[in-house]
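Have a look at the structure below before the remarks.
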Amino acid sequence: MKYPTLYHTTQIDGLSLFYREAGPKDAPTILLLHGLPSSSRMFEPLFARLSERCHLVAPDYPGFGHSDWPDPKTFAYTFDHYAEIMNHFTEALGLSRYTLYMQDYGGPVGFRMALAHPDRIEALIVQDAVAHNEGLGANWKPRRAFWADRAANKSALRTNLLSLSTTRTRHVGNDPNVERYDPDLWTNEFYFSISPARPRFKAICFMTIEPMWRPIRSGKRGCTRSSHACW
């Protein structure tokens with residue numbers, strides 16, 4: 001492969017952040033923001049397809065993948081905080097103009113980044129991410145119940161988010177051609193997420209109760225440069 005994927009870590013706001021990078025650095029940059037509770041590994045198939053034409057950068061958020069897992073008692077697991085850290089990440093890497101690829105929870109992180117620095121955004125690619133309450137489907141029923149009563153619905157939320165079947169569905173969806181998917185992707189992700197050394201569920205609980213769509217409805221700043229969006 002002409003442009004193999006490289007695996008880096010960098011220090012951002014006192015945290016070690018892991019990220020994948022591939023492609024020529026003088027090509028158009030795509031910043032890929034993963035969903036919950038996945039990591040940048042979900043983008044490996046895209047890296048294989050796009051690395052000869054694009055500069056690809058995919059970080060793991062704090063509390064996900066191979067980045068640091070700070071204690072929720074001392075670290076704010078909020079979309080605002082994630083967006084702030086991701087903006088600092090792009091600045092540390094010298095990414096001044098890029099396309100945002102936002103999957104799932106990458107949406108509320110990426111939209112906040114775009115509102116904070118619209119001049120940096122070349123285009124938006126939105127995959128299975130919502131910007132409004134009405135866009136949350138039936139899968140969010142256990143999460144809405146958790147919002148109303150955390151103690152009574154914690155177990156159901158864990159199953160809704162972290163079970164092996166849910167993890168597989170995130171990768172395969174309703175595609176009848178399941179033979180095209182490497183089962184290692186969701187199997188490894190599942191066992192990684194339930195590791196006792198990784199307090200992922202606590203972090204997820206904090207993020208799940210925070211409104212995802214607030215900045216989209218209340219944001220007042222618009223982009224002053226032309227951008228493209230693919231939803």
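Going through the structure tokens in order, the chains are called A, B, and so on, while each chain numbers its residues from 1 and the ligands are numbered from 1 in the order shown.
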
Can I get the residues of segment 25-105 of chain A within 12 Å of segment 154-169 of chain A, each with the closest pair of atoms and their distance in Å to one decimal, using only C-alpha atoms, sorted chain first then ascending number, as a Markdown table?
| residue | atom | partner | partner_atom | distance |
| --- | --- | --- | --- | --- |
| A:Gly35 | CA | A:Thr167 | CA | 11.5 |
| A:Leu36 | CA | A:Leu161 | CA | 8.3 |
| A:Pro37 | CA | A:Leu161 | CA | 7.5 |
| A:Ser38 | CA | A:Thr167 | CA | 8.7 |
| A:Met42 | CA | A:Thr167 | CA | 11.5 |

Go ahead and write the selection's residues with all heavy atoms as a PDB file, in the first residue's frame.
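Result file follows (selection.pdb):
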ATOM      1  N   GLY A  35     -18.212   7.309  16.386  1.00  0.00           N
ATOM      2  CA  GLY A  35     -19.424   7.287  17.189  1.00  0.00           C
ATOM      3  C   GLY A  35     -19.220   6.620  18.531  1.00  0.00           C
ATOM      4  O   GLY A  35     -18.093   6.393  18.980  1.00  0.00           O
ATOM      5  N   LEU A  36     -20.323   6.300  19.173  1.00  0.00           N
ATOM      6  CA  LEU A  36     -20.321   5.707  20.511  1.00  0.00           C
ATOM      7  C   LEU A  36     -20.890   4.302  20.441  1.00  0.00           C
ATOM      8  O   LEU A  36     -21.915   4.099  19.783  1.00  0.00           O
ATOM      9  CB  LEU A  36     -21.167   6.585  21.433  1.00  0.00           C
ATOM     10  CG  LEU A  36     -21.343   6.137  22.890  1.00  0.00           C
ATOM     11  CD1 LEU A  36     -21.455   7.346  23.792  1.00  0.00           C
ATOM     12  CD2 LEU A  36     -22.607   5.276  23.041  1.00  0.00           C
ATOM     13  N   PRO A  37     -20.271   3.334  21.102  1.00  0.00           N
ATOM     14  CA  PRO A  37     -19.022   3.431  21.893  1.00  0.00           C
ATOM     15  C   PRO A  37     -17.828   2.893  21.121  1.00  0.00           C
ATOM     16  O   PRO A  37     -17.092   2.044  21.616  1.00  0.00           O
ATOM     17  CB  PRO A  37     -19.349   2.565  23.107  1.00  0.00           C
ATOM     18  CG  PRO A  37     -20.168   1.440  22.513  1.00  0.00           C
ATOM     19  CD  PRO A  37     -20.943   2.048  21.357  1.00  0.00           C
ATOM     20  N   SER A  38     -17.660   3.332  19.895  1.00  0.00           N
ATOM     21  CA  SER A  38     -16.624   2.801  19.017  1.00  0.00           C
ATOM     22  C   SER A  38     -15.308   3.556  19.203  1.00  0.00           C
ATOM     23  O   SER A  38     -15.076   4.200  20.224  1.00  0.00           O
ATOM     24  CB  SER A  38     -17.103   2.873  17.568  1.00  0.00           C
ATOM     25  OG  SER A  38     -18.308   2.165  17.395  1.00  0.00           O
ATOM     26  N   MET A  42     -13.167   2.027  13.556  1.00  0.00           N
ATOM     27  CA  MET A  42     -14.314   1.830  12.687  1.00  0.00           C
ATOM     28  C   MET A  42     -14.062   2.376  11.280  1.00  0.00           C
ATOM     29  O   MET A  42     -14.734   1.982  10.333  1.00  0.00           O
ATOM     30  CB  MET A  42     -15.551   2.509  13.287  1.00  0.00           C
ATOM     31  CG  MET A  42     -15.498   4.016  13.348  1.00  0.00           C
ATOM     32  SD  MET A  42     -17.030   4.753  13.958  1.00  0.00           S
ATOM     33  CE  MET A  42     -18.161   4.282  12.662  1.00  0.00           C
TER      34      MET A  42
END

Set the distance at 6 Å and use only C-alpha atoms: which residues neighbour Ile121 of chain A once local chain neighbours fewer than 6 positions away are removed? I'd like the list as a ChimeraX atom specification. /A:97-99

Shell of 12 Å around Tyr61 of chain A, only C-alpha atoms, local chain residues under 2 positions omitted, as a VMD selection string: chain A and resid 9 12 15 to 19 32 to 41 58 to 59 63 to 70 77 to 79 81 to 87 89 105 to 106 109 200 203 to 204

Got a sec to tell me which of segment 5-57 of chain A DSSP assigns to strand (DSSP E), as JSON, numbers by chain? {"A": [6, 7, 8, 9, 10, 11, 12, 15, 16, 17, 18, 19, 20, 21, 22, 29, 30, 31, 32, 33, 55, 56, 57]}

Give me, as a PyMOL selection string, the residues of segment 22-225 of chain A that a backbone DSSP run labels helix (DSSP H, G or I). chain A and resi 40-50+79-93+106-116+118-120+133-135+138-148+150-162+164-172+178-180+183-193+200-208+214-218

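Atom CA of Val57 of chain A is positioned 6.9 Å from atom CA of Ala22 of chain A.
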
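As for atom CA of Leu124 of chain A and atom CA of Ala48 of chain A, they are spaced 20.6 Å apart.
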
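Counting from atom CA of Pro176 of chain A, the distance to atom CA of Arg143 of chain A is 27.5 Å.
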
Report as a short mmCIF file (atom, residue, chain, number, x, y, z; two decimals) with all heavy atoms, in the first residue's frame all protein, DNA and RNA residues lying within 7 Å of Gly107 of chain A, evaluated on only C-alpha atoms, omitting residues in the same chain fewer than 4 positions from it.
data_model
loop_
_atom_site.label_atom_id
_atom_site.label_comp_id
_atom_site.auth_asym_id
_atom_site.auth_seq_id
_atom_site.Cartn_x
_atom_site.Cartn_y
_atom_site.Cartn_z
N MET A 102 -18.61 12.95 10.28
CA MET A 102 -19.18 12.78 11.62
C MET A 102 -20.13 11.59 11.64
O MET A 102 -21.13 11.58 10.93
CB MET A 102 -19.93 14.05 12.03
CG MET A 102 -19.07 15.30 12.01
SD MET A 102 -19.99 16.81 12.38
CE MET A 102 -20.98 16.96 10.88
N GLN A 103 -19.78 10.59 12.44
CA GLN A 103 -20.62 9.40 12.57
C GLN A 103 -21.20 9.35 13.98
O GLN A 103 -20.47 9.46 14.97
CB GLN A 103 -19.81 8.14 12.28
CG GLN A 103 -20.63 6.89 12.03
CD GLN A 103 -21.07 6.16 13.29
OE1 GLN A 103 -20.39 6.23 14.31
NE2 GLN A 103 -22.20 5.48 13.23
N PHE A 111 -20.41 19.25 15.06
CA PHE A 111 -21.20 20.47 14.89
C PHE A 111 -20.72 21.58 15.81
O PHE A 111 -20.70 22.75 15.44
CB PHE A 111 -22.68 20.17 15.16
CG PHE A 111 -23.35 19.38 14.08
CD1 PHE A 111 -24.16 18.29 14.40
CD2 PHE A 111 -23.19 19.70 12.75
CE1 PHE A 111 -24.79 17.56 13.41
CE2 PHE A 111 -23.80 18.97 11.73
CZ PHE A 111 -24.60 17.89 12.08
N VAL A 126 -22.17 13.69 7.10
CA VAL A 126 -22.89 13.24 8.30
C VAL A 126 -23.42 11.84 8.06
O VAL A 126 -24.22 11.60 7.16
CB VAL A 126 -24.05 14.21 8.62
CG1 VAL A 126 -24.72 13.80 9.93
CG2 VAL A 126 -23.56 15.65 8.69
N ALA A 129 -26.01 10.50 12.21
CA ALA A 129 -25.92 11.45 13.33
C ALA A 129 -27.08 12.42 13.21
O ALA A 129 -27.52 12.74 12.11
CB ALA A 129 -24.59 12.20 13.30
N VAL A 130 -27.59 12.86 14.34
CA VAL A 130 -28.75 13.75 14.33
C VAL A 130 -28.39 15.10 14.95
O VAL A 130 -27.45 15.21 15.73
CB VAL A 130 -29.95 13.15 15.09
CG1 VAL A 130 -30.39 11.87 14.45
CG2 VAL A 130 -29.60 12.93 16.55
#
